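Novice: One file: query-v1.tsv (TSV, N, CA and C atoms).
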```
chain	number	residue	atom	x	y	z
U	1	MET	N	126.51	113.11	98.23
U	1	MET	CA	126.37	112.59	96.88
U	1	MET	C	124.97	112.93	96.37
U	2	ALA	N	124.88	113.35	95.13
U	2	ALA	CA	123.62	113.76	94.55
U	2	ALA	C	122.99	112.60	93.77
U	3	LEU	N	121.67	112.58	93.74
U	3	LEU	CA	120.91	111.57	93.01
U	3	LEU	C	120.08	112.29	91.96
U	4	LYS	N	120.22	111.87	90.70
U	4	LYS	CA	119.43	112.43	89.62
U	4	LYS	C	118.21	111.53	89.42
U	5	VAL	N	117.04	112.14	89.39
U	5	VAL	CA	115.79	111.40	89.22
U	5	VAL	C	114.99	112.05	88.11
U	6	GLU	N	114.49	111.22	87.21
U	6	GLU	CA	113.60	111.72	86.17
U	6	GLU	C	112.20	111.17	86.47
U	7	LEU	N	111.24	112.08	86.58
U	7	LEU	CA	109.88	111.70	86.90
U	7	LEU	C	108.99	111.79	85.68
U	8	LYS	N	108.16	110.78	85.50
U	8	LYS	CA	107.17	110.78	84.43
U	8	LYS	C	106.04	111.73	84.83
U	9	PRO	N	105.21	112.13	83.88
U	9	PRO	CA	104.06	112.96	84.24
U	9	PRO	C	103.19	112.27	85.31
U	10	HIS	N	102.85	113.00	86.33
U	10	HIS	CA	101.98	112.57	87.43
U	10	HIS	C	102.62	111.49	88.32
U	11	GLU	N	103.89	111.18	88.12
U	11	GLU	CA	104.56	110.19	88.96
U	11	GLU	C	104.80	110.77	90.35
U	12	LYS	N	104.72	109.89	91.35
U	12	LYS	CA	104.95	110.31	92.73
U	12	LYS	C	106.31	109.80	93.20
U	13	ILE	N	106.86	110.51	94.16
U	13	ILE	CA	108.11	110.11	94.79
U	13	ILE	C	108.04	110.54	96.24
U	14	ILE	N	108.55	109.72	97.12
U	14	ILE	CA	108.66	110.08	98.54
U	14	ILE	C	110.10	110.50	98.78
U	15	ILE	N	110.25	111.69	99.32
U	15	ILE	CA	111.56	112.19	99.73
U	15	ILE	C	111.44	112.59	101.18
U	16	GLY	N	112.14	111.86	102.05
U	16	GLY	CA	111.98	112.08	103.48
U	16	GLY	C	110.58	111.68	103.88
U	17	SER	N	109.85	112.58	104.47
U	17	SER	CA	108.48	112.29	104.87
U	17	SER	C	107.47	112.99	103.96
U	18	CYS	N	107.94	113.49	102.81
U	18	CYS	CA	107.07	114.22	101.88
U	18	CYS	C	106.76	113.39	100.65
U	19	VAL	N	105.51	113.44	100.22
U	19	VAL	CA	105.12	112.84	98.95
U	19	VAL	C	105.08	113.96	97.93
U	20	ILE	N	105.83	113.78	96.85
U	20	ILE	CA	105.90	114.79	95.80
U	20	ILE	C	105.28	114.19	94.55
U	21	THR	N	104.36	114.92	93.92
U	21	THR	CA	103.71	114.47	92.69
U	21	THR	C	104.13	115.40	91.57
U	22	ASN	N	104.62	114.80	90.50
U	22	ASN	CA	105.02	115.58	89.33
U	22	ASN	C	103.79	116.14	88.62
U	23	THR	N	103.99	117.18	87.84
U	23	THR	CA	102.90	117.78	87.06
U	23	THR	C	102.73	117.03	85.75
U	24	GLU	N	102.19	117.69	84.74
U	24	GLU	CA	101.88	117.05	83.46
U	24	GLU	C	103.10	116.74	82.61
U	25	GLN	N	104.24	117.34	82.91
U	25	GLN	CA	105.42	117.16	82.07
U	25	GLN	C	106.49	116.36	82.78
U	26	ARG	N	107.31	115.70	81.98
U	26	ARG	CA	108.45	114.98	82.51
U	26	ARG	C	109.34	115.99	83.25
U	27	ALA	N	109.93	115.55	84.35
U	27	ALA	CA	110.79	116.46	85.11
U	27	ALA	C	112.05	115.74	85.56
U	28	LYS	N	113.13	116.47	85.59
U	28	LYS	CA	114.39	115.95	86.11
U	28	LYS	C	114.71	116.75	87.37
U	29	ILE	N	115.04	116.02	88.42
U	29	ILE	CA	115.40	116.71	89.66
U	29	ILE	C	116.72	116.13	90.17
U	30	LEU	N	117.42	116.94	90.90
U	30	LEU	CA	118.67	116.56	91.52
U	30	LEU	C	118.46	116.64	93.02
U	31	ILE	N	118.68	115.54	93.71
U	31	ILE	CA	118.46	115.49	95.16
U	31	ILE	C	119.82	115.37	95.84
U	32	GLU	N	120.10	116.33	96.71
U	32	GLU	CA	121.36	116.31	97.43
U	32	GLU	C	121.08	116.17	98.92
U	33	GLY	N	121.92	115.43	99.57
U	33	GLY	CA	121.79	115.22	101.00
U	33	GLY	C	122.28	113.82	101.34
U	34	GLU	N	122.44	113.59	102.61
U	34	GLU	CA	122.94	112.30	103.05
U	34	GLU	C	121.85	111.54	103.78
U	35	ARG	N	121.73	110.28	103.43
U	35	ARG	CA	120.82	109.33	104.08
U	35	ARG	C	119.38	109.84	104.13
U	36	ILE	N	118.94	110.44	103.04
U	36	ILE	CA	117.56	110.87	102.92
U	36	ILE	C	116.78	109.72	102.29
U	37	PRO	N	115.71	109.27	102.93
U	37	PRO	CA	114.94	108.19	102.30
U	37	PRO	C	114.21	108.69	101.06
U	38	ILE	N	114.40	107.95	99.96
U	38	ILE	CA	113.78	108.29	98.69
U	38	ILE	C	113.15	107.03	98.12
U	39	LEU	N	111.88	107.12	97.76
U	39	LEU	CA	111.18	105.99	97.14
U	39	LEU	C	110.40	106.48	95.94
U	40	ARG	N	110.66	105.86	94.80
U	40	ARG	CA	109.88	106.16	93.60
U	40	ARG	C	108.54	105.45	93.71
U	41	GLU	N	107.57	105.94	92.96
U	41	GLU	CA	106.21	105.38	93.02
U	41	GLU	C	106.19	103.88	92.77
U	42	LYS	N	107.00	103.38	91.85
U	42	LYS	CA	107.01	101.95	91.54
U	42	LYS	C	107.50	101.11	92.72
U	43	ASP	N	108.19	101.71	93.66
U	43	ASP	CA	108.71	101.00	94.82
U	43	ASP	C	107.86	101.20	96.07
U	44	ILE	N	106.82	102.01	95.98
U	44	ILE	CA	105.97	102.29	97.13
U	44	ILE	C	104.86	101.25	97.20
U	45	LEU	N	104.74	100.64	98.36
U	45	LEU	CA	103.67	99.67	98.59
U	45	LEU	C	102.70	100.28	99.59
U	46	THR	N	101.42	100.21	99.30
U	46	THR	CA	100.40	100.74	100.20
U	46	THR	C	99.85	99.59	101.05
U	47	PRO	N	99.24	99.89	102.18
U	47	PRO	CA	98.62	98.82	102.97
U	47	PRO	C	97.59	98.02	102.17
U	48	ALA	N	96.87	98.67	101.28
U	48	ALA	CA	95.86	97.97	100.48
U	48	ALA	C	96.49	96.98	99.51
U	49	SER	N	97.69	97.28	99.01
U	49	SER	CA	98.33	96.38	98.05
U	49	SER	C	99.25	95.36	98.71
U	50	ALA	N	99.41	95.44	100.02
U	50	ALA	CA	100.23	94.46	100.75
U	50	ALA	C	99.36	93.26	101.08
U	51	ASP	N	99.10	92.43	100.06
U	51	ASP	CA	98.12	91.35	100.19
U	51	ASP	C	98.72	89.96	100.34
U	52	THR	N	100.02	89.88	100.59
U	52	THR	CA	100.67	88.60	100.86
U	52	THR	C	101.63	88.80	102.03
U	53	PRO	N	102.06	87.73	102.67
U	53	PRO	CA	103.00	87.88	103.79
U	53	PRO	C	104.30	88.60	103.40
U	54	ALA	N	104.87	88.27	102.24
U	54	ALA	CA	106.12	88.93	101.83
U	54	ALA	C	105.90	90.41	101.56
U	55	LYS	N	104.76	90.77	101.01
U	55	LYS	CA	104.46	92.18	100.77
U	55	LYS	C	104.23	92.91	102.09
U	56	LEU	N	103.64	92.24	103.06
U	56	LEU	CA	103.48	92.86	104.39
U	56	LEU	C	104.85	93.13	105.02
U	57	LEU	N	105.78	92.20	104.81
U	57	LEU	CA	107.13	92.39	105.33
U	57	LEU	C	107.78	93.59	104.64
U	58	TYR	N	107.64	93.67	103.32
U	58	TYR	CA	108.18	94.81	102.57
U	58	TYR	C	107.59	96.12	103.10
U	59	LEU	N	106.28	96.13	103.34
U	59	LEU	CA	105.62	97.33	103.85
U	59	LEU	C	106.20	97.73	105.20
U	60	ALA	N	106.45	96.75	106.07
U	60	ALA	CA	107.04	97.06	107.38
U	60	ALA	C	108.44	97.66	107.21
U	61	VAL	N	109.23	97.10	106.31
U	61	VAL	CA	110.58	97.64	106.06
U	61	VAL	C	110.48	99.04	105.44
U	62	GLN	N	109.53	99.22	104.54
U	62	GLN	CA	109.32	100.54	103.91
U	62	GLN	C	108.99	101.58	104.98
U	63	LEU	N	108.14	101.22	105.92
U	63	LEU	CA	107.78	102.15	106.99
U	63	LEU	C	109.00	102.50	107.84
U	64	MET	N	109.86	101.50	108.10
U	64	MET	CA	111.10	101.77	108.84
U	64	MET	C	112.00	102.71	108.04
U	65	TYR	N	112.08	102.48	106.73
U	65	TYR	CA	112.97	103.27	105.87
U	65	TYR	C	112.58	104.74	105.87
U	66	ILE	N	111.30	105.05	105.81
U	66	ILE	CA	110.90	106.46	105.71
U	66	ILE	C	110.63	107.11	107.06
U	67	ALA	N	110.63	106.33	108.14
U	67	ALA	CA	110.33	106.87	109.47
U	67	ALA	C	111.52	107.63	110.04
U	68	GLN	N	111.20	108.65	110.85
U	68	GLN	CA	112.27	109.34	111.56
U	68	GLN	C	112.83	108.45	112.66
U	69	ASP	N	111.96	107.61	113.24
U	69	ASP	CA	112.40	106.65	114.25
U	69	ASP	C	112.02	105.24	113.78
U	70	PRO	N	112.89	104.58	113.04
U	70	PRO	CA	112.58	103.27	112.48
U	70	PRO	C	112.18	102.23	113.52
U	71	GLN	N	112.67	102.38	114.74
U	71	GLN	CA	112.37	101.38	115.77
U	71	GLN	C	110.89	101.33	116.13
U	72	GLU	N	110.15	102.38	115.79
U	72	GLU	CA	108.71	102.37	116.02
U	72	GLU	C	108.02	101.23	115.26
U	73	HIS	N	108.64	100.77	114.18
U	73	HIS	CA	108.04	99.75	113.33
U	73	HIS	C	108.68	98.37	113.50
U	74	HIS	N	109.67	98.25	114.38
U	74	HIS	CA	110.36	96.98	114.55
U	74	HIS	C	109.43	95.88	115.05
U	75	ALA	N	108.55	96.17	115.98
U	75	ALA	CA	107.66	95.13	116.53
U	75	ALA	C	106.78	94.54	115.44
U	76	VAL	N	106.22	95.40	114.61
U	76	VAL	CA	105.37	94.92	113.50
U	76	VAL	C	106.21	94.08	112.55
U	77	TYR	N	107.40	94.57	112.22
U	77	TYR	CA	108.28	93.82	111.31
U	77	TYR	C	108.54	92.42	111.87
U	78	PHE	N	108.91	92.33	113.13
U	78	PHE	CA	109.27	91.02	113.69
U	78	PHE	C	108.07	90.09	113.78
U	79	ASP	N	106.87	90.62	114.03
U	79	ASP	CA	105.66	89.78	114.00
U	79	ASP	C	105.42	89.22	112.60
U	80	VAL	N	105.50	90.09	111.61
U	80	VAL	CA	105.29	89.66	110.22
U	80	VAL	C	106.37	88.67	109.80
U	81	MET	N	107.61	88.94	110.20
U	81	MET	CA	108.73	88.07	109.86
U	81	MET	C	108.53	86.66	110.41
U	82	ARG	N	108.10	86.55	111.67
U	82	ARG	CA	107.87	85.23	112.27
U	82	ARG	C	106.75	84.49	111.53
U	83	ASN	N	105.68	85.19	111.22
U	83	ASN	CA	104.58	84.57	110.47
U	83	ASN	C	105.04	84.10	109.10
U	84	LEU	N	105.86	84.89	108.46
U	84	LEU	CA	106.35	84.53	107.13
U	84	LEU	C	107.27	83.31	107.21
U	85	LEU	N	108.12	83.26	108.21
U	85	LEU	CA	109.00	82.09	108.38
U	85	LEU	C	108.19	80.83	108.63
U	86	ASP	N	107.11	80.95	109.39
U	86	ASP	CA	106.24	79.79	109.63
U	86	ASP	C	105.59	79.32	108.34
U	87	ALA	N	105.13	80.26	107.53
U	87	ALA	CA	104.43	79.93	106.29
U	87	ALA	C	105.38	79.52	105.17
U	88	MET	N	106.58	80.09	105.17
U	88	MET	CA	107.52	79.85	104.08
U	88	MET	C	108.93	79.67	104.65
U	89	PRO	N	109.20	78.49	105.23
U	89	PRO	CA	110.51	78.26	105.86
U	89	PRO	C	111.69	78.48	104.91
U	90	SER	N	111.48	78.30	103.61
U	90	SER	CA	112.57	78.49	102.64
U	90	SER	C	113.01	79.95	102.54
U	91	SER	N	112.28	80.85	103.16
U	91	SER	CA	112.63	82.27	103.11
U	91	SER	C	113.67	82.65	104.15
U	92	GLY	N	114.10	81.71	104.96
U	92	GLY	CA	115.00	82.01	106.07
U	92	GLY	C	116.28	82.73	105.70
U	93	ILE	N	116.92	82.31	104.61
U	93	ILE	CA	118.19	82.93	104.21
U	93	ILE	C	117.98	84.39	103.81
U	94	VAL	N	116.94	84.65	103.03
U	94	VAL	CA	116.68	86.03	102.59
U	94	VAL	C	116.27	86.88	103.79
U	95	ILE	N	115.45	86.32	104.68
U	95	ILE	CA	115.04	87.08	105.87
U	95	ILE	C	116.25	87.40	106.75
U	96	GLN	N	117.20	86.49	106.82
U	96	GLN	CA	118.42	86.77	107.60
U	96	GLN	C	119.18	87.95	106.99
U	97	GLU	N	119.23	88.01	105.65
U	97	GLU	CA	119.89	89.15	104.99
U	97	GLU	C	119.14	90.45	105.30
U	98	ILE	N	117.82	90.39	105.25
U	98	ILE	CA	117.01	91.58	105.57
U	98	ILE	C	117.30	92.01	107.01
U	99	ASN	N	117.29	91.05	107.93
U	99	ASN	CA	117.57	91.36	109.34
U	99	ASN	C	118.94	92.01	109.51
U	100	ASN	N	119.95	91.48	108.81
U	100	ASN	CA	121.30	92.05	108.92
U	100	ASN	C	121.31	93.50	108.45
U	101	HIS	N	120.63	93.79	107.36
U	101	HIS	CA	120.58	95.18	106.87
U	101	HIS	C	119.86	96.08	107.87
U	102	ILE	N	118.78	95.57	108.46
U	102	ILE	CA	118.04	96.36	109.46
U	102	ILE	C	118.92	96.64	110.67
U	103	LEU	N	119.62	95.61	111.14
U	103	LEU	CA	120.50	95.79	112.31
U	103	LEU	C	121.62	96.79	112.02
U	104	ASN	N	122.05	96.87	110.76
U	104	ASN	CA	123.08	97.83	110.38
U	104	ASN	C	122.51	99.21	110.03
U	105	GLY	N	121.17	99.34	110.11
U	105	GLY	CA	120.53	100.61	109.81
U	105	GLY	C	120.45	100.92	108.33
U	106	ASP	N	120.67	99.91	107.48
U	106	ASP	CA	120.62	100.11	106.03
U	106	ASP	C	119.27	99.63	105.51
U	107	TYR	N	118.26	100.45	105.70
U	107	TYR	CA	116.89	100.07	105.37
U	107	TYR	C	116.65	99.99	103.86
U	108	TYR	N	117.40	100.77	103.09
U	108	TYR	CA	117.23	100.69	101.64
U	108	TYR	C	117.66	99.31	101.12
U	109	LYS	N	118.78	98.81	101.60
U	109	LYS	CA	119.22	97.46	101.21
U	109	LYS	C	118.24	96.42	101.71
U	110	ALA	N	117.67	96.64	102.88
U	110	ALA	CA	116.65	95.71	103.40
U	110	ALA	C	115.43	95.70	102.48
U	111	LEU	N	115.07	96.87	101.95
U	111	LEU	CA	113.95	96.95	100.98
U	111	LEU	C	114.26	96.15	99.72
U	112	LYS	N	115.49	96.28	99.22
U	112	LYS	CA	115.87	95.54	98.02
U	112	LYS	C	115.80	94.03	98.26
U	113	GLU	N	116.26	93.58	99.42
U	113	GLU	CA	116.17	92.15	99.75
U	113	GLU	C	114.71	91.72	99.89
U	114	SER	N	113.89	92.62	100.41
U	114	SER	CA	112.46	92.31	100.57
U	114	SER	C	111.80	92.09	99.22
U	115	LYS	N	112.26	92.80	98.20
U	115	LYS	CA	111.74	92.59	96.85
U	115	LYS	C	112.08	91.18	96.36
U	116	ARG	N	113.28	90.72	96.71
U	116	ARG	CA	113.66	89.34	96.37
U	116	ARG	C	112.70	88.35	97.02
U	117	LEU	N	112.33	88.64	98.25
U	117	LEU	CA	111.41	87.77	98.99
U	117	LEU	C	110.03	87.75	98.33
U	118	ILE	N	109.57	88.89	97.86
U	118	ILE	CA	108.28	88.96	97.15
U	118	ILE	C	108.34	88.09	95.89
U	119	ALA	N	109.46	88.15	95.17
U	119	ALA	CA	109.61	87.34	93.95
U	119	ALA	C	109.61	85.85	94.29
U	120	MET	N	110.30	85.47	95.36
U	120	MET	CA	110.31	84.07	95.80
U	120	MET	C	108.90	83.60	96.13
U	121	GLU	N	108.19	84.42	96.86
U	121	GLU	CA	106.83	84.08	97.26
U	121	GLU	C	105.93	83.92	96.03
U	122	ALA	N	106.05	84.82	95.08
U	122	ALA	CA	105.24	84.74	93.86
U	122	ALA	C	105.52	83.45	93.11
U	123	GLU	N	106.78	83.07	93.06
U	123	GLU	CA	107.16	81.82	92.38
U	123	GLU	C	106.53	80.62	93.09
U	124	LEU	N	106.60	80.60	94.41
U	124	LEU	CA	105.99	79.49	95.17
U	124	LEU	C	104.47	79.45	94.98
U	125	LEU	N	103.84	80.62	94.97
U	125	LEU	CA	102.40	80.67	94.76
U	125	LEU	C	102.02	80.19	93.36
U	126	ASP	N	102.82	80.57	92.37
U	126	ASP	CA	102.57	80.11	91.00
U	126	ASP	C	102.69	78.59	90.90
U	127	GLU	N	103.71	78.04	91.54
U	127	GLU	CA	103.89	76.58	91.54
U	127	GLU	C	102.71	75.89	92.21
U	128	ALA	N	102.25	76.44	93.33
U	128	ALA	CA	101.11	75.85	94.04
U	128	ALA	C	99.85	75.90	93.18
U	129	ARG	N	99.63	77.00	92.49
U	129	ARG	CA	98.47	77.11	91.61
U	129	ARG	C	98.54	76.12	90.45
U	130	ALA	N	99.73	75.94	89.91
U	130	ALA	CA	99.91	74.99	88.80
U	130	ALA	C	99.62	73.56	89.27
U	131	ARG	N	100.10	73.21	90.48
U	131	ARG	CA	99.83	71.87	91.03
U	131	ARG	C	98.35	71.68	91.26
U	132	LYS	N	97.69	72.72	91.76
U	132	LYS	CA	96.25	72.64	92.02
U	132	LYS	C	95.48	72.47	90.70
U	133	ALA	N	95.91	73.20	89.68
U	133	ALA	CA	95.25	73.10	88.37
U	133	ALA	C	95.45	71.70	87.77
U	134	GLN	N	96.63	71.13	87.96
U	134	GLN	CA	96.90	69.78	87.46
U	134	GLN	C	96.02	68.75	88.17
U	135	LYS	N	95.86	68.90	89.47
U	135	LYS	CA	94.99	67.99	90.24
U	135	LYS	C	93.54	68.13	89.80
U	136	GLY	N	93.13	69.36	89.53
U	136	GLY	CA	91.76	69.60	89.10
U	136	GLY	C	91.47	69.05	87.71
U	137	ALA	N	92.50	69.02	86.87
U	137	ALA	CA	92.33	68.52	85.49
U	137	ALA	C	92.37	67.00	85.45
U	138	ALA	N	92.93	66.38	86.48
U	138	ALA	CA	93.06	64.91	86.48
U	138	ALA	C	91.80	64.20	86.88
```
Represent the supplied structure as structure tokens.

Specialist:
Amino acid sequence: MALKVELKPHEKIIIGSCVITNTEQRAKILIEGERIPILREKDILTPASADTPAKLLYLAVQLMYIAQDPQEHHAVYFDVMRNLLDAMPSSGIVIQEINNHILNGDYYKALKESKRLIAMEAELLDEARARKAQKGAA
């Protein structure tokens, strides 16, 4: 099955283990192949931007997704996952979904679930900041 991708000027995309950077003009590409890892720039997380536990988990899943041997990153993933469960027990259901996708070798779906986890974490952090601001104003 082919995937059509339109890249903005200077946008990056990871295809397999290659980082491709578009030139100054918009480009349309057609990618054919089976089970080739593809990540658009907006979905790529760098170690520097993985500044929360949920983002660290996403980064671990991302590394598994683009790796030739995903199991090389399983130990890191499971360490981060345990820490995240300790810090955010409410994440258990989503983490179980991520684990199921990983066990089935569907790392792209695991990435999508990891994005849900990042959104949950952001919501919890926003609520905590609002409570702290209310206490400070009182």

Novice: Just the residues within 6 Å of stretch 18-33 of chain U, please, counting only C-alpha atoms, with nothing from its chain fewer than 3 positions along; format it as a list in words.

Specialist: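 Residues near the query, excluding close chain neighbours: Ala2, Leu3, Lys4, Val5, Glu6, Leu7, Lys8, Pro9, His10, Glu11, Lys12, Ile13, Ile14 and Ile15 of chain U.
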
Novice: What does the distance from atom CA of U:Gly105 to atom CA of U:Leu45 come to in Å, to one decimal?

Specialist: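 These two atoms are separated by 20.3 Å.
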
Novice: With only N, CA and C atoms as the atoms that count, which of U:Ile66, U:Ala137, U:Leu125, U:Ile102 lies nearest to U:Ile36?

Specialist: U:Ile66

Novice: I'd like the contact shell of U:Met81 - 8 Å cut-off, only C-alpha atoms, skipping same-chain residues fewer than 4 positions apart - returned as a list in words.

Specialist: Leu57, Tyr77, Leu85 and Ile95 of chain U

Novice: For a test of reading the model, state the distance in Å between atom CA of U:Lys115 and atom N of U:Glu41, rounded to one decimal.

Specialist: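 Answer for the atom CA of U:Lys115 to atom N of U:Glu41 separation: 14.5 Å.
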
Novice: In Å, with one decimal, what is the gap from atom C of U:Asn99 to atom CA of U:Ala119?

Specialist: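 Atom CA of U:Ala119 lies at a distance of 18.7 Å from atom C of U:Asn99.
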
Novice: As a list in words, list the residues of stretch 11-40 of chain U assigned to strand (DSSP E or B) by DSSP on the backbone atoms of this structure.

Specialist: Lys12, Ile13, Ile14, Ile15, Cys18, Val19, Ile20, Thr21, Ala27, Lys28, Ile29, Leu30, Ile31, Glu32, Ile38, Leu39 and Arg40 of chain U

Novice: Pick out the residues sitting within 10 Å of U:Thr46, and hand them over as a list in words; count only C-alpha atoms, and ignore anything fewer than 4 positions along from it in its own chain.

Specialist: Ala50, Asp51, Lys55, Leu56, Leu59 and Gln62 of chain U

Novice: Using all atoms listed in the file, which protein or nucleic acid residues come within 8 Å of U:Gln68? Drop anything in the same chain fewer than 4 positions from it, and give the result as a count of residues only.

Specialist: 5

Novice: Counting only C-alpha atoms, which residue out of U:Pro37, U:Pro47, U:Arg129, U:Ser114 sits closest to U:Gly92?

Specialist: U:Ser114

Novice: Output as a PyMOL selection string all residues of chain U that backbone DSSP marks as helix (DSSP H, G or I).

Specialist: chain U and resi 41-43+47-49+53-66+70-87+89-103+107-137

Novice: Return the single residue from U:Ile38, U:Ala60, U:Met88, U:Ala122 that is closest to U:Val76, with distances computed using all atoms listed in the file.

Specialist: U:Ala60

Novice: Which is closest to U:Glu121 among U:Ala133, U:Leu39, U:Ala48, U:Ala54, if we use only C-alpha atoms?

Specialist: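 Selected residue with least distance to U:Glu121: U:Ala54.
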
Novice: Of the candidates U:Gln71, U:Val94, U:Val80, U:Leu124, which one gets nearest to U:Ala110 if we count only C-alpha atoms?

Specialist: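 Smallest distance to U:Ala110 is found for U:Val94.
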
Novice: Find the residue from U:Leu117, U:Gln96, U:Pro53, U:Tyr58 that sits nearest to U:Leu84; use all atoms listed in the file when measuring.

Specialist: U:Pro53
